[in-house]
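A.B. asks: Handing you a structure now.
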Amino acid sequence: MPDHPFSSPLFGRRFTLGVLMASLAGCTPSAESPPAQEKAAPAPAPVIAAPATAATAAKAEDVVMAETAAAATALALSTVGIEANTAGVEARSTATLPPGGYDFMRILPLRAEKVPAPKGLHIVNMPAAVQLGKALFWDVQLGSDSQTACATCHFRGGADDRTMNTVNPGIDGIFASGGVTAAGQLFTPSNVTNNDRIGSQGAVRSTFIGINPDLTQSTDMCQVVSAFPWYTERRVGARNSPTMIGAVYFRELFWDGLATHVFNGRDPFGHLGNGNGPYTIENVALASQAVAPPVDDVEMTCTGRPFNGPNSIGTKMLPRAALRLQHVAANDSVLGPLANPSGTGLICDGVPCTYQELVLRAMGPTLANNAEAEFSLIYGEALYAYQATLIPDRTPLDKFLEGNLTALTLKQLHGFGVFLGPARCNTCHNGGLLSDASWRAYQVAGSLNADGGDQGFHNLGLRPPNEDPGRGRVGAQGVPVSISGSPFDLGAFKTPSLRNIKLTAPYFHQGGKATLNDVIDFYAQGGRDVPNPQTTSLLQPFTLTTDQRAALIDFLTNALTDCRVEKERAPFDHPELPLPNRASGLPAVGATGTGSCP
């Protein structure tokens with residue numbers, strides 16, 4: 001095989017394909033190429049940025065990892081020919097490259113992508129806060145109906161696989177997709193070509209009256225309100241539920257980025273004009289996001305239930321036994337030491353753990369003594385602590401980029417080349433998270449994207465912006481969510497991570513594409529199901545051969561799936577979860593999950 005030189009500003013140094021192919025074959029590499037990994041990969045680095053005292057060592061490690069990833073990426077491009085680099089990367093004009101250029105589009109192992117450390121947390125015991133956050137996330141008592149937890153919309157790869165009662169009829173109120181003609185019917189997975197949305201079901205429309213004082217009863221006192229188009233069926237959200245696994249790497253959360261990286265202790269909106277909270281806790285978008293669903297009357301609650309103060313969510317949860325209605329595995333990676341060996345819930349010092357006790361352990365006595373008035377603050381920080389541990393960094397792609405050049409099959413390697421070359425997926429799906437809405441993208445390329453809109457948000461032409469303005473919406477106080485003010489933010493939505501995409505169908509913010517093949521068809525035509533004037537300039541049509549398409553789907557399906565997520569192994573194990581409108585709920589699963597991983 002000729003020893004073709006490979007050099008590109010995307011990688012920053014020169015590699016030869018002969019050396020790289022020799023590495024793949026297990027031969028001794030030359031000094032020009034980073035050595036193939038001979039030992040097991042080191043334990044994942046903490047997701048939080050390293051302390052200043054370790055900055056030099058961390059930087060050196062990052063350089064080595066980036067160079068190894070560059071070599072591996074060069075090898076992937078070589079599988080579709082050197083011309084793929086010319087046609088797919090270097091030939092992109094600067095006008096269509098995001099700010100930050102080629103470095104912005106690097107693909108990295110997830111553990112090489114750091115996020116800023118949180119500032120201003122009130123947590124005094126982080127392991128206890130993770131326990132509190134996990135219990136709250138999976139506890140169905142949190143919902144007004146005592147059947148809806150945060151996990152109810154985020155249980156399958158962090159998303160929702162239900163098909164019964166999952167259609168939202170859109171702005172016209174007419175159910176007309178997948179065989180559904182009314183609320184409460186079974187959706188047959190298919191592409192949606194109208195204004196219907198495929199979302200997650202939440203609460204029945206009801207008006208809040210009060211918290212039940214009987215601690216053995218967890219259903220709130222509410223009055224059902226039957227109204228078009230749901231009547232007495234559970235209402236369905238107007239956006240597809242994204243996975244929360246790996247979400248700590250996003251700078252802002254929700255499809256429109258409404259949950260800001262500054263948590264004000266009360267609502268998702270930070271201090272950008274729509275928020276109304278007294279705290280400034282930085283770099284914790286997960287906390288901002290967490291406090292929205294429990295008081296959203298479509299998702300989890302009866303209309304009018306407050307988070308804090310008398311007759312609130314805090315009033316309800318604090319004296320109640322944690323996970324009282326659900327089993328917890330004795331070997332749960334977080335809650336196992338507290339699991340009740342002979343029943344449901346958790347045990348603290350020989351008696352059922354109340355949330356008051358768990359708050360005391362995690363937050364200390366000062367906050368615990370005022371927990372009813374500050375429950376949104378406690379809840380947001382605890383869910384941040386738990387969800388920040390859900391790092392899907394052991395995919396075959398991660399192992400490949402860290403130096404194990406046999407972690408991808410030849411077909412997946414070919415698919416990676418298609419991803420980088422003719423399909424140009426890394427224009428937006430880049431970095432370790434495979435999204436340009438990450439902290440890294442903001443740090444590398446700045447606050448604006450190539451169109452002048454907010455970084456990480458793009459209008460793809462899926463639907464008209466009047467159906468859902470996305471990033472171009474206004475917030476609770478009438479202040480625009482868009483930071484740039486660009487018209488390109490109208491109808492723009494956050495670039496999702498592609499990690500574990502095998503598990504998270506349907507796709508896009510409205511759930512409009514049923515399969516990955518459908519997604520590729522959409523992008524191959526240059527997007528634009530609807531010709532919006534705000535559609536991003538980054539979309540360009542492309543053509544794939546049958547083999548290229550099959551390789552790309554193999555790469556997306558298998559190379560990007562963390563087996564621990566699919567097999568529910570630690571840290572992705574969980575308590576028992578009953579699920580409305582699904583043939584079965586989830587049994588409690590401990591650290592060893594439902595099967596082994598390579």
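Residues are named by chain letter and number: chains run A, B, ... in the order of the structure tokens, numbers start at 1 in each chain, and ligands are numbered from 1 in the order shown.
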What lies within 10 Å of Glu566 in chain A using only C-alpha atoms, ignoring chain neighbours under 2 positions off, as a VMD selection string?
C.D. replies: chain A and resid 156 to 158 500 502 to 503 561 to 564 568 to 569 572 593 to 595 597
A.B. asks: With N, CA and C atoms retained, export the selected residues as a PDB file, in the first residue's frame.
C.D. replies:
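Output (again_37.pdb):
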```
ATOM      1  N   ARG A 156     -35.245   5.193  28.711  1.00  0.00           N
ATOM      2  CA  ARG A 156     -34.672   4.316  27.690  1.00  0.00           C
ATOM      3  C   ARG A 156     -33.523   5.052  27.003  1.00  0.00           C
ATOM      4  N   GLY A 157     -32.294   4.736  27.398  1.00  0.00           N
ATOM      5  CA  GLY A 157     -31.166   5.504  26.890  1.00  0.00           C
ATOM      6  C   GLY A 157     -31.277   6.965  27.259  1.00  0.00           C
ATOM      7  N   GLY A 158     -31.998   7.248  28.338  1.00  0.00           N
ATOM      8  CA  GLY A 158     -32.238   8.620  28.760  1.00  0.00           C
ATOM      9  C   GLY A 158     -33.420   9.265  28.075  1.00  0.00           C
ATOM     10  N   ASN A 500     -25.429   7.287  21.808  1.00  0.00           N
ATOM     11  CA  ASN A 500     -26.549   6.384  22.122  1.00  0.00           C
ATOM     12  C   ASN A 500     -27.778   6.666  21.268  1.00  0.00           C
ATOM     13  N   LYS A 502     -28.809   5.146  18.846  1.00  0.00           N
ATOM     14  CA  LYS A 502     -29.489   3.867  18.584  1.00  0.00           C
ATOM     15  C   LYS A 502     -30.703   3.683  19.483  1.00  0.00           C
ATOM     16  N   LEU A 503     -30.671   4.262  20.684  1.00  0.00           N
ATOM     17  CA  LEU A 503     -31.683   4.001  21.705  1.00  0.00           C
ATOM     18  C   LEU A 503     -32.747   5.083  21.801  1.00  0.00           C
ATOM     19  N   THR A 561     -22.719   3.835  20.676  1.00  0.00           N
ATOM     20  CA  THR A 561     -23.515   3.319  21.797  1.00  0.00           C
ATOM     21  C   THR A 561     -22.606   2.845  22.912  1.00  0.00           C
ATOM     22  N   ASP A 562     -22.789   3.418  24.094  1.00  0.00           N
ATOM     23  CA  ASP A 562     -22.089   2.957  25.289  1.00  0.00           C
ATOM     24  C   ASP A 562     -22.855   1.744  25.810  1.00  0.00           C
ATOM     25  N   CYS A 563     -22.225   0.582  25.800  1.00  0.00           N
ATOM     26  CA  CYS A 563     -22.890  -0.655  26.211  1.00  0.00           C
ATOM     27  C   CYS A 563     -23.482  -0.540  27.606  1.00  0.00           C
ATOM     28  N   ARG A 564     -22.846   0.219  28.484  1.00  0.00           N
ATOM     29  CA  ARG A 564     -23.362   0.366  29.855  1.00  0.00           C
ATOM     30  C   ARG A 564     -24.725   1.036  29.864  1.00  0.00           C
ATOM     31  N   GLU A 568     -27.924  -0.994  30.992  1.00  0.00           N
ATOM     32  CA  GLU A 568     -28.323  -0.406  32.282  1.00  0.00           C
ATOM     33  C   GLU A 568     -27.338  -0.741  33.406  1.00  0.00           C
ATOM     34  N   ARG A 569     -26.081  -0.740  33.080  1.00  0.00           N
ATOM     35  CA  ARG A 569     -25.033  -0.978  34.063  1.00  0.00           C
ATOM     36  C   ARG A 569     -24.616   0.344  34.701  1.00  0.00           C
ATOM     37  N   PHE A 572     -25.631   3.757  35.077  1.00  0.00           N
ATOM     38  CA  PHE A 572     -26.925   3.901  34.418  1.00  0.00           C
ATOM     39  C   PHE A 572     -27.963   2.910  34.950  1.00  0.00           C
ATOM     40  N   GLY A 593     -26.345  -4.410  35.917  1.00  0.00           N
ATOM     41  CA  GLY A 593     -27.234  -4.213  34.802  1.00  0.00           C
ATOM     42  C   GLY A 593     -27.939  -5.462  34.331  1.00  0.00           C
ATOM     43  N   THR A 594     -28.294  -5.466  33.059  1.00  0.00           N
ATOM     44  CA  THR A 594     -29.036  -6.580  32.472  1.00  0.00           C
ATOM     45  C   THR A 594     -28.152  -7.493  31.632  1.00  0.00           C
ATOM     46  N   GLY A 595     -26.869  -7.242  31.620  1.00  0.00           N
ATOM     47  CA  GLY A 595     -25.956  -8.066  30.840  1.00  0.00           C
ATOM     48  C   GLY A 595     -24.552  -7.514  30.911  1.00  0.00           C
ATOM     49  N   CYS A 597     -20.733  -6.255  29.404  1.00  0.00           N
ATOM     50  CA  CYS A 597     -20.198  -5.382  28.361  1.00  0.00           C
ATOM     51  C   CYS A 597     -18.753  -5.775  28.083  1.00  0.00           C
TER      52      CYS A 597
END
```
A.B. asks: From a DSSP calculation on the backbone, collect every residue of range 61-237 of chain A in alpha helix (DSSP H) and output the set as number ranges by chain.
C.D. replies: A: 61-78, 82-85, 101-104, 126-138
A.B. asks: Counting only C-alpha atoms, which of A:His154, A:Ala588, A:Arg324, A:Gln147 gets nearest to Leu215 in chain A?
C.D. replies: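 Residue with the minimum atom-to-atom distance to Leu215 in chain A: A:Arg324.
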A.B. asks: What parts of range 306-387 of chain A does DSSP call strand (DSSP E or B)? I'd like the answer as a PyMOL selection string.
C.D. replies: chain A and resi 321+339+346-348+351-352+354
A.B. asks: Which neighbours of Ile520 in chain A fall inside 10 Å, counting only C-alpha atoms, when residues of the same chain fewer than 2 positions from it are skipped, and could you give them as a list in words?
C.D. replies: Ala423, Cys425, Lys513, Thr515, Leu516, Asn517, Asp518, Phe522, Tyr523, Ala524, Gln525, Gly526, Gly527, Phe542, Leu544, Arg549, Leu552 and Ile553 of chain A
A.B. asks: Mind giving me the straight-line distance from CA of Pro306 in chain A to CA of Met221 in chain A in Å, one decimal?
C.D. replies: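 CA of Pro306 in chain A sits 13.4 Å away from CA of Met221 in chain A.
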A.B. asks: Could you tell me how far CA of Ser288 in chain A sits from CA of His261 in chain A, in Å to one decimal place?
C.D. replies: 7.1 Å
A.B. asks: Let me make sure I understand: among A:Asn466, A:Thr535, A:Gln510, A:Gln326, which one has the smallest atom-to-atom distance to Arg197 in chain A if we use only C-alpha atoms?
C.D. replies: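 Smallest distance to Arg197 in chain A is found for A:Gln510.
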A.B. asks: Which residues are close to Val262 in chain A, i.e. within 9 Å by only C-alpha atoms, leaving aside same-chain residues fewer than 4 positions away? Reply as a ChimeraX atom specification.
C.D. replies: /A:268-271,279-285,287-288
A.B. asks: Hey, what's within 12 Å of His327 in chain A if we count only C-alpha atoms and toss same-chain stuff fewer than 3 positions away? As an MDAnalysis selection string, please?
C.D. replies: chainID A and resid 135 138:140 322:324 330:332 335:336 338:347 574:578 586:590
A.B. asks: Between A:Leu272, A:Ala373, A:Asp297, A:Gln289, which residue has the minimum interatomic distance to Pro310 in chain A, considering only C-alpha atoms?
C.D. replies: A:Ala373
A.B. asks: Would you mind listing what lies within 12 Å of Gly275 in chain A as a list in words, with only C-alpha atoms counted and same-chain residues fewer than 5 positions away left out?
C.D. replies: Leu258, Ala259, Thr260, Val262, Phe263, Asn264, Gly265, Arg266, Asp267, Pro268, Phe269, Gly270, Thr280, Ser288, Ala292, Gly475, Ala476, Gln477, Gly478, Val479, Pro480 and Val481 of chain A
